[in-house]
Amino acid sequence: MQHPPHQSLVATVPPQRVPARERDQDTPWHSDAVCRRDEAGLFFAPSKEPTAARLAREEAAKRVCAQCPVMIQCREHALLQPEPYGVWGGLTAAERRVVLARRRRRDLDLTSGPIAAAG
Ligand code: SF4
């Protein structure tokens, strides 16, 4: 059985987060994830993390993601699930929410715009 990226954090993830992560354990791109051994704990927030520490941690995680050969696959996975927590594919959870909102708006425009109305 394959393990998800951020493997070392699985044991610290609260139970309500586990199911989404377990669904991904057969995803092939995980084997190339550079964060499989996240000893530094960069990708998920510890409880009660101060804002400045969170921002620094997220930037460090993004630097790791920028070097990752499966960043695009990871990002799309996190958007499609959607993954509610942590840095995935170089995006924080808040950044993923923005991307998803833009995609929903774009999809609405495509289905309700003048071209769609004419079709
Ligand atoms: S893009 Fe980032 S979060 Fe995704 S697998 Fe690579 S290092 Fe891990």
# chains A, B, ... in the order shown; residues from 1 in each chain; ligands from 1
$ residues_near_ligand --ligand "ligand 1" --cutoff "10 Å" --atoms "only C-alpha atoms and all ligand atoms" --output "ChimeraX atom specification"
/A:4-7,29-38,42-44,61-78,86-92
$ write_last_selection --atoms "C-alpha atoms" --output "tab-separated table (two decimals), in the first residue's frame"
chain	number	residue	atom	x	y	z
A	4	PRO	CA	0.28	9.84	0.87
A	5	PRO	CA	2.70	12.74	0.74
A	6	HIS	CA	3.41	14.26	4.12
A	7	GLN	CA	3.67	10.67	5.35
A	29	TRP	CA	2.14	10.18	-8.04
A	30	HIS	CA	2.64	9.82	-4.30
A	31	SER	CA	5.69	7.68	-4.87
A	32	ASP	CA	7.50	10.66	-6.45
A	33	ALA	CA	6.43	13.20	-3.84
A	34	VAL	CA	9.43	14.94	-2.31
A	35	CYS	CA	7.49	15.48	0.92
A	36	ARG	CA	7.00	11.80	1.68
A	37	ARG	CA	9.24	12.20	4.70
A	38	ASP	CA	8.18	15.53	6.17
A	42	LEU	CA	6.07	21.88	7.04
A	43	PHE	CA	2.87	20.91	5.34
A	44	PHE	CA	0.25	20.93	8.10
A	61	ALA	CA	6.55	24.16	2.28
A	62	LYS	CA	5.97	26.01	-0.98
A	63	ARG	CA	9.71	26.07	-1.63
A	64	VAL	CA	9.72	22.29	-1.28
A	65	CYS	CA	6.73	22.02	-3.62
A	66	ALA	CA	8.48	24.18	-6.21
A	67	GLN	CA	11.14	21.46	-6.51
A	68	CYS	CA	8.66	18.59	-6.62
A	69	PRO	CA	8.26	16.62	-9.88
A	70	VAL	CA	4.57	15.89	-9.16
A	71	MET	CA	3.46	19.37	-8.15
A	72	ILE	CA	0.78	19.65	-10.84
A	73	GLN	CA	-0.71	16.23	-10.05
A	74	CYS	CA	-0.64	17.00	-6.35
A	75	ARG	CA	-2.31	20.38	-6.84
A	76	GLU	CA	-5.07	18.95	-9.00
A	77	HIS	CA	-5.64	16.16	-6.53
A	78	ALA	CA	-5.98	18.65	-3.67
A	86	GLY	CA	-2.34	21.84	4.57
A	87	VAL	CA	-0.11	22.86	1.70
A	88	TRP	CA	-0.60	20.71	-1.40
A	89	GLY	CA	0.91	21.40	-4.79
A	90	GLY	CA	2.38	24.69	-3.63
A	91	LEU	CA	-0.97	26.10	-2.52
A	92	THR	CA	-2.33	26.68	0.95
$ atom_distance --atom1 "CA of Val98 (chain A)" --atom2 "CA of Ala116 (chain A)"
24.7 Å
